[in-house]
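Trainee: Enclosed is the structure file coords.cif (mmCIF, C-alpha atoms).
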data_model
#
loop_
_atom_site.group_PDB
_atom_site.id
_atom_site.type_symbol
_atom_site.label_atom_id
_atom_site.label_comp_id
_atom_site.auth_asym_id
_atom_site.auth_seq_id
_atom_site.Cartn_x
_atom_site.Cartn_y
_atom_site.Cartn_z
ATOM 1 C CA MET A 237 -81.020 -68.978 -55.720
ATOM 2 C CA ASN A 238 -82.902 -69.251 -52.440
ATOM 3 C CA SER A 239 -86.588 -68.428 -52.508
ATOM 4 C CA LEU A 240 -89.562 -68.504 -50.186
ATOM 5 C CA GLY A 241 -92.012 -71.393 -50.309
ATOM 6 C CA PHE A 242 -95.641 -70.365 -50.582
ATOM 7 C CA GLU A 243 -96.954 -73.579 -49.022
ATOM 8 C CA ARG A 244 -94.737 -73.062 -45.967
ATOM 9 C CA VAL A 245 -95.791 -69.414 -45.644
ATOM 10 C CA LEU A 246 -99.458 -70.433 -45.921
ATOM 11 C CA LEU A 247 -99.031 -73.147 -43.271
ATOM 12 C CA ILE A 248 -97.349 -70.725 -40.865
ATOM 13 C CA PHE A 249 -100.123 -68.212 -41.559
ATOM 14 C CA GLN A 250 -102.769 -70.825 -40.691
ATOM 15 C CA GLN A 251 -100.995 -71.763 -37.486
ATOM 16 C CA LEU A 252 -100.601 -68.154 -36.360
ATOM 17 C CA SER A 253 -103.990 -66.824 -37.438
ATOM 18 C CA GLY A 254 -106.212 -69.781 -36.604
ATOM 19 C CA CYS A 255 -107.808 -69.347 -40.027
ATOM 20 C CA LYS A 256 -109.990 -72.355 -40.745
ATOM 21 C CA ALA A 257 -109.195 -74.607 -43.712
ATOM 22 C CA ASP A 258 -112.487 -73.772 -45.427
ATOM 23 C CA ARG A 259 -111.344 -70.130 -45.762
ATOM 24 C CA ILE A 260 -107.945 -70.852 -47.307
ATOM 25 C CA ASN A 261 -109.062 -69.977 -50.831
ATOM 26 C CA GLU A 262 -110.270 -66.635 -49.503
ATOM 27 C CA VAL A 263 -106.983 -65.761 -47.781
ATOM 28 C CA THR A 264 -104.567 -67.214 -50.324
ATOM 29 C CA PRO A 265 -104.263 -63.925 -52.272
ATOM 30 C CA LEU A 266 -103.564 -62.054 -49.035
ATOM 31 C CA VAL A 267 -100.797 -64.492 -48.079
ATOM 32 C CA MET A 268 -99.340 -64.416 -51.600
ATOM 33 C CA SER A 269 -99.355 -60.616 -51.555
ATOM 34 C CA ALA A 270 -97.454 -60.522 -48.261
ATOM 35 C CA MET A 271 -94.901 -63.026 -49.535
ATOM 36 C CA LYS A 272 -94.377 -61.220 -52.851
ATOM 37 C CA SER A 273 -94.059 -57.881 -51.060
ATOM 38 C CA LEU A 274 -91.336 -59.270 -48.833
ATOM 39 C CA GLU A 275 -89.562 -60.869 -51.806
ATOM 40 C CA ARG A 276 -89.474 -57.504 -53.590
ATOM 41 C CA GLU A 277 -87.929 -55.824 -50.556
ATOM 42 C CA ILE A 278 -85.160 -58.224 -49.596
ATOM 43 C CA ASP A 279 -81.690 -58.108 -51.083
ATOM 44 C CA HIS A 280 -81.490 -61.508 -52.748
ATOM 45 C CA ALA A 281 -77.687 -61.342 -52.775
ATOM 46 C CA LYS A 282 -77.828 -61.512 -48.952
ATOM 47 C CA LEU A 283 -80.477 -64.239 -48.764
ATOM 48 C CA THR A 284 -78.996 -67.497 -47.539
ATOM 49 C CA GLU A 285 -80.697 -70.847 -47.255
ATOM 50 C CA ALA A 286 -80.548 -70.507 -43.483
ATOM 51 C CA ALA A 287 -82.411 -67.160 -43.649
ATOM 52 C CA VAL A 288 -85.328 -68.476 -45.735
ATOM 53 C CA PRO A 289 -87.380 -69.798 -42.764
ATOM 54 C CA ALA A 290 -87.152 -66.424 -40.980
ATOM 55 C CA CYS A 291 -88.304 -64.688 -44.169
ATOM 56 C CA GLU A 292 -91.190 -67.114 -44.549
ATOM 57 C CA TYR A 293 -92.182 -66.479 -40.944
ATOM 58 C CA ALA A 294 -92.018 -62.699 -41.478
ATOM 59 C CA ALA A 295 -94.194 -62.978 -44.593
ATOM 60 C CA ALA A 296 -96.724 -65.073 -42.670
ATOM 61 C CA CYS A 297 -96.730 -62.551 -39.791
ATOM 62 C CA SER A 298 -97.376 -59.738 -42.246
ATOM 63 C CA ALA A 299 -100.270 -61.703 -43.727
ATOM 64 C CA VAL A 300 -101.660 -62.340 -40.221
ATOM 65 C CA TYR A 301 -101.577 -58.619 -39.486
ATOM 66 C CA ASP A 302 -103.336 -57.826 -42.761
ATOM 67 C CA TYR A 303 -105.869 -60.599 -42.156
ATOM 68 C CA ILE A 304 -106.732 -59.333 -38.684
ATOM 69 C CA CYS A 305 -107.046 -55.762 -39.934
ATOM 70 C CA ARG A 306 -109.309 -56.933 -42.742
ATOM 71 C CA GLU A 307 -111.471 -58.942 -40.359
ATOM 72 C CA ALA A 308 -111.712 -55.971 -38.004
ATOM 73 C CA SER A 309 -112.893 -53.738 -40.802
ATOM 74 C CA ARG A 310 -115.689 -56.096 -41.771
ATOM 75 C CA GLU A 311 -119.025 -55.580 -40.141
ATOM 76 C CA GLN A 312 -118.838 -57.356 -36.815
ATOM 77 C CA MET A 313 -122.354 -58.283 -35.822
ATOM 78 C CA ALA A 314 -123.284 -60.524 -32.954
ATOM 79 C CA VAL A 315 -126.413 -61.321 -31.020
ATOM 80 C CA THR A 316 -126.663 -60.648 -27.305
ATOM 81 C CA ALA A 317 -128.226 -63.092 -24.865
ATOM 82 C CA GLY A 318 -131.422 -61.007 -25.076
ATOM 83 C CA GLY A 319 -131.541 -61.416 -28.861
ATOM 84 C CA ALA A 320 -130.500 -57.859 -29.739
ATOM 85 C CA ALA A 321 -127.930 -57.077 -32.410
ATOM 86 C CA ASP A 322 -124.516 -55.997 -31.121
ATOM 87 C CA ASN A 323 -121.740 -54.677 -33.304
ATOM 88 C CA SER A 324 -119.275 -53.697 -30.611
ATOM 89 C CA GLY A 325 -116.566 -56.185 -31.640
ATOM 90 C CA ASP A 326 -113.321 -54.678 -30.396
ATOM 91 C CA PHE A 327 -110.317 -55.907 -32.360
ATOM 92 C CA THR A 328 -107.905 -53.371 -30.873
ATOM 93 C CA HIS A 329 -106.013 -55.898 -28.767
ATOM 94 C CA ARG A 330 -105.787 -58.361 -31.675
ATOM 95 C CA ILE A 331 -104.530 -55.680 -34.066
ATOM 96 C CA LYS A 332 -101.916 -54.523 -31.554
ATOM 97 C CA GLY A 333 -100.807 -58.109 -30.953
ATOM 98 C CA ALA A 334 -100.535 -58.831 -34.674
ATOM 99 C CA ALA A 335 -98.620 -55.598 -35.243
ATOM 100 C CA GLU A 336 -96.109 -56.536 -32.541
ATOM 101 C CA LEU A 337 -95.764 -60.070 -33.956
ATOM 102 C CA LYS A 338 -95.043 -58.586 -37.382
ATOM 103 C CA ARG A 339 -92.544 -56.032 -35.991
ATOM 104 C CA GLU A 340 -90.600 -58.712 -34.139
ATOM 105 C CA ALA A 341 -90.494 -61.032 -37.157
ATOM 106 C CA VAL A 342 -89.321 -58.215 -39.402
ATOM 107 C CA ARG A 343 -86.601 -57.141 -36.968
ATOM 108 C CA ARG A 344 -85.049 -60.584 -37.327
ATOM 109 C CA ILE A 345 -84.539 -60.134 -41.056
ATOM 110 C CA GLU A 346 -83.718 -56.432 -41.350
ATOM 111 C CA TRP A 347 -80.159 -57.365 -42.243
ATOM 112 C CA LEU A 348 -81.534 -58.733 -45.541
ATOM 113 C CA MET A 349 -82.857 -55.343 -46.588
ATOM 114 C CA PRO A 350 -80.974 -52.775 -48.625
ATOM 115 C CA ASN A 351 -79.583 -50.265 -46.080
ATOM 116 C CA ASN A 352 -80.784 -52.647 -43.332
ATOM 117 C CA GLU A 353 -84.216 -50.960 -43.331
ATOM 118 C CA PHE A 354 -87.523 -52.681 -43.767
ATOM 119 C CA PHE A 355 -90.471 -50.971 -45.438
ATOM 120 C CA PHE A 356 -93.249 -53.297 -46.503
ATOM 121 C CA GLU A 357 -96.943 -53.254 -45.919
ATOM 122 C CA THR A 358 -99.444 -55.324 -47.831
ATOM 123 C CA MET A 359 -102.623 -53.545 -46.798
#
Turn the structure described in the file into structure tokens.
Mentor:
Amino acid sequence: MNSLGFERVLLIFQQLSGCKADRINEVTPLVMSAMKSLEREIDHAKLTEAAVPACEYAAACSAVYDYICREASREQMAVTAGGAADNSGDFTHRIKGAAELKREAVRRIEWLMPNNEFFFETM
């Protein structure tokens, strides 16, 4: 039986998200959740060895989207040049970009879903 490789999904996630190595323990559950969610949704009878990399990429893209949404929801504080606090971090463009990345990755593997429809969210 073909299955997704967590280490490969995590590596793709790191490459796409730019998440630093010192935060890997923090994001590992998020990446695992995205991978497990995808594994529950796909029709394993349709999963070929050749399709595994596309599934791993889709899982990583889902984790990137969830990661960016989580980061956006955290308190975003910065200091202006004048020394004042500024919490105007706008993640809108990053969230939109991550959502589009996820949509495109998922479209490539819709044929693996029952009824060719994809419904998974990890956040």
Trainee: Which value, in Å to one decimal, gives the distance between atom CA of Arg339 of chain A and atom CA of Cys305 of chain A?
Mentor: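 Separation between atom CA of Arg339 of chain A and atom CA of Cys305 of chain A: 15.0 Å.
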Trainee: Can you work out the spacing between atom CA of Ala290 of chain A and atom CA of Ser309 of chain A in Å, to one decimal?
Mentor: 28.7 Å
Trainee: Under the PyMOL selection byres ((chain A and resi 345) around 8), which residues of this model are included? Write them out as a list in words.
Mentor: Ala287, Ala290, Cys291, Ala294, Ala341, Val342, Arg343, Arg344, Glu346, Trp347, Leu348 and Met349 of chain A
Trainee: On this structure, the PyMOL selection byres ((chain A and resi 295) around 8) would catch which residues? List them as an MDAnalysis selection string, sorted by chain and number.
Mentor: chainID A and resid 245 267 270:271 274 291:294 296:299
Trainee: Would you mind exporting C-alpha atoms of the selected residues as a short mmCIF file (atom, residue, chain, number, x, y, z; two decimals), keeping the file's coordinate frame?
Mentor:
data_model
loop_
_atom_site.label_atom_id
_atom_site.label_comp_id
_atom_site.auth_asym_id
_atom_site.auth_seq_id
_atom_site.Cartn_x
_atom_site.Cartn_y
_atom_site.Cartn_z
CA VAL A 245 -95.79 -69.41 -45.64
CA VAL A 267 -100.80 -64.49 -48.08
CA ALA A 270 -97.45 -60.52 -48.26
CA MET A 271 -94.90 -63.03 -49.54
CA LEU A 274 -91.34 -59.27 -48.83
CA CYS A 291 -88.30 -64.69 -44.17
CA GLU A 292 -91.19 -67.11 -44.55
CA TYR A 293 -92.18 -66.48 -40.94
CA ALA A 294 -92.02 -62.70 -41.48
CA ALA A 296 -96.72 -65.07 -42.67
CA CYS A 297 -96.73 -62.55 -39.79
CA SER A 298 -97.38 -59.74 -42.25
CA ALA A 299 -100.27 -61.70 -43.73
#
Trainee: Which residue gives the smallest distance to Arg330 of chain A among A:Ser269, A:Asn261, A:Thr284, A:Ser253, with only C-alpha atoms counted?
Mentor: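 Of all the options, A:Ser253 lies closest to Arg330 of chain A.
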Trainee: Interatomic distance between atom CA of Gln250 of chain A and atom CA of Glu340 of chain A?
Mentor: 18.4 Å
Trainee: Take every atom of segment 284-302 of chain A listed in the file, fit an axis-aligned box around them, add 8 Å per side, and give the centre and edge lengths in Å to one decimal as JSON.
Mentor:
{"center_x": -91.2, "center_y": -64.3, "center_z": -43.5, "size_x": 40.3, "size_y": 29.0, "size_z": 24.1}
Trainee: What would segment 286-301 of chain A look like with N, CA and C atoms in place, written as an mmCIF file, keeping the file's coordinate frame?
Mentor:
data_model
loop_
_atom_site.group_PDB
_atom_site.id
_atom_site.type_symbol
_atom_site.label_atom_id
_atom_site.label_comp_id
_atom_site.auth_asym_id
_atom_site.auth_seq_id
_atom_site.Cartn_x
_atom_site.Cartn_y
_atom_site.Cartn_z
ATOM 1 N N ALA A 286 -80.227 -70.535 -44.907
ATOM 2 C CA ALA A 286 -80.548 -70.507 -43.483
ATOM 3 C C ALA A 286 -81.508 -69.368 -43.126
ATOM 4 N N ALA A 287 -81.543 -68.307 -43.931
ATOM 5 C CA ALA A 287 -82.411 -67.160 -43.649
ATOM 6 C C ALA A 287 -83.822 -67.334 -44.209
ATOM 7 N N VAL A 288 -84.020 -68.286 -45.093
ATOM 8 C CA VAL A 288 -85.328 -68.476 -45.735
ATOM 9 C C VAL A 288 -86.449 -68.713 -44.716
ATOM 10 N N PRO A 289 -86.278 -69.598 -43.730
ATOM 11 C CA PRO A 289 -87.380 -69.798 -42.764
ATOM 12 C C PRO A 289 -87.778 -68.520 -42.022
ATOM 13 N N ALA A 290 -86.828 -67.679 -41.663
ATOM 14 C CA ALA A 290 -87.152 -66.424 -40.980
ATOM 15 C C ALA A 290 -87.922 -65.494 -41.912
ATOM 16 N N CYS A 291 -87.582 -65.506 -43.190
ATOM 17 C CA CYS A 291 -88.304 -64.688 -44.169
ATOM 18 C C CYS A 291 -89.726 -65.222 -44.364
ATOM 19 N N GLU A 292 -89.853 -66.524 -44.412
ATOM 20 C CA GLU A 292 -91.190 -67.114 -44.549
ATOM 21 C C GLU A 292 -92.047 -66.777 -43.341
ATOM 22 N N TYR A 293 -91.462 -66.830 -42.169
ATOM 23 C CA TYR A 293 -92.182 -66.479 -40.944
ATOM 24 C C TYR A 293 -92.596 -65.012 -40.975
ATOM 25 N N ALA A 294 -91.701 -64.125 -41.398
ATOM 26 C CA ALA A 294 -92.018 -62.699 -41.478
ATOM 27 C C ALA A 294 -93.143 -62.443 -42.474
ATOM 28 N N ALA A 295 -93.121 -63.129 -43.599
ATOM 29 C CA ALA A 295 -94.194 -62.978 -44.593
ATOM 30 C C ALA A 295 -95.523 -63.439 -44.006
ATOM 31 N N ALA A 296 -95.500 -64.556 -43.292
ATOM 32 C CA ALA A 296 -96.724 -65.073 -42.670
ATOM 33 C C ALA A 296 -97.234 -64.100 -41.605
ATOM 34 N N CYS A 297 -96.331 -63.518 -40.820
ATOM 35 C CA CYS A 297 -96.730 -62.551 -39.791
ATOM 36 C C CYS A 297 -97.352 -61.314 -40.426
ATOM 37 N N SER A 298 -96.795 -60.877 -41.539
ATOM 38 C CA SER A 298 -97.376 -59.738 -42.246
ATOM 39 C C SER A 298 -98.777 -60.071 -42.736
ATOM 40 N N ALA A 299 -98.945 -61.272 -43.256
ATOM 41 C CA ALA A 299 -100.270 -61.703 -43.727
ATOM 42 C C ALA A 299 -101.259 -61.808 -42.564
ATOM 43 N N VAL A 300 -100.796 -62.263 -41.407
ATOM 44 C CA VAL A 300 -101.660 -62.340 -40.221
ATOM 45 C C VAL A 300 -102.127 -60.941 -39.831
ATOM 46 N N TYR A 301 -101.216 -59.993 -39.823
ATOM 47 C CA TYR A 301 -101.577 -58.619 -39.486
ATOM 48 C C TYR A 301 -102.633 -58.098 -40.469
#
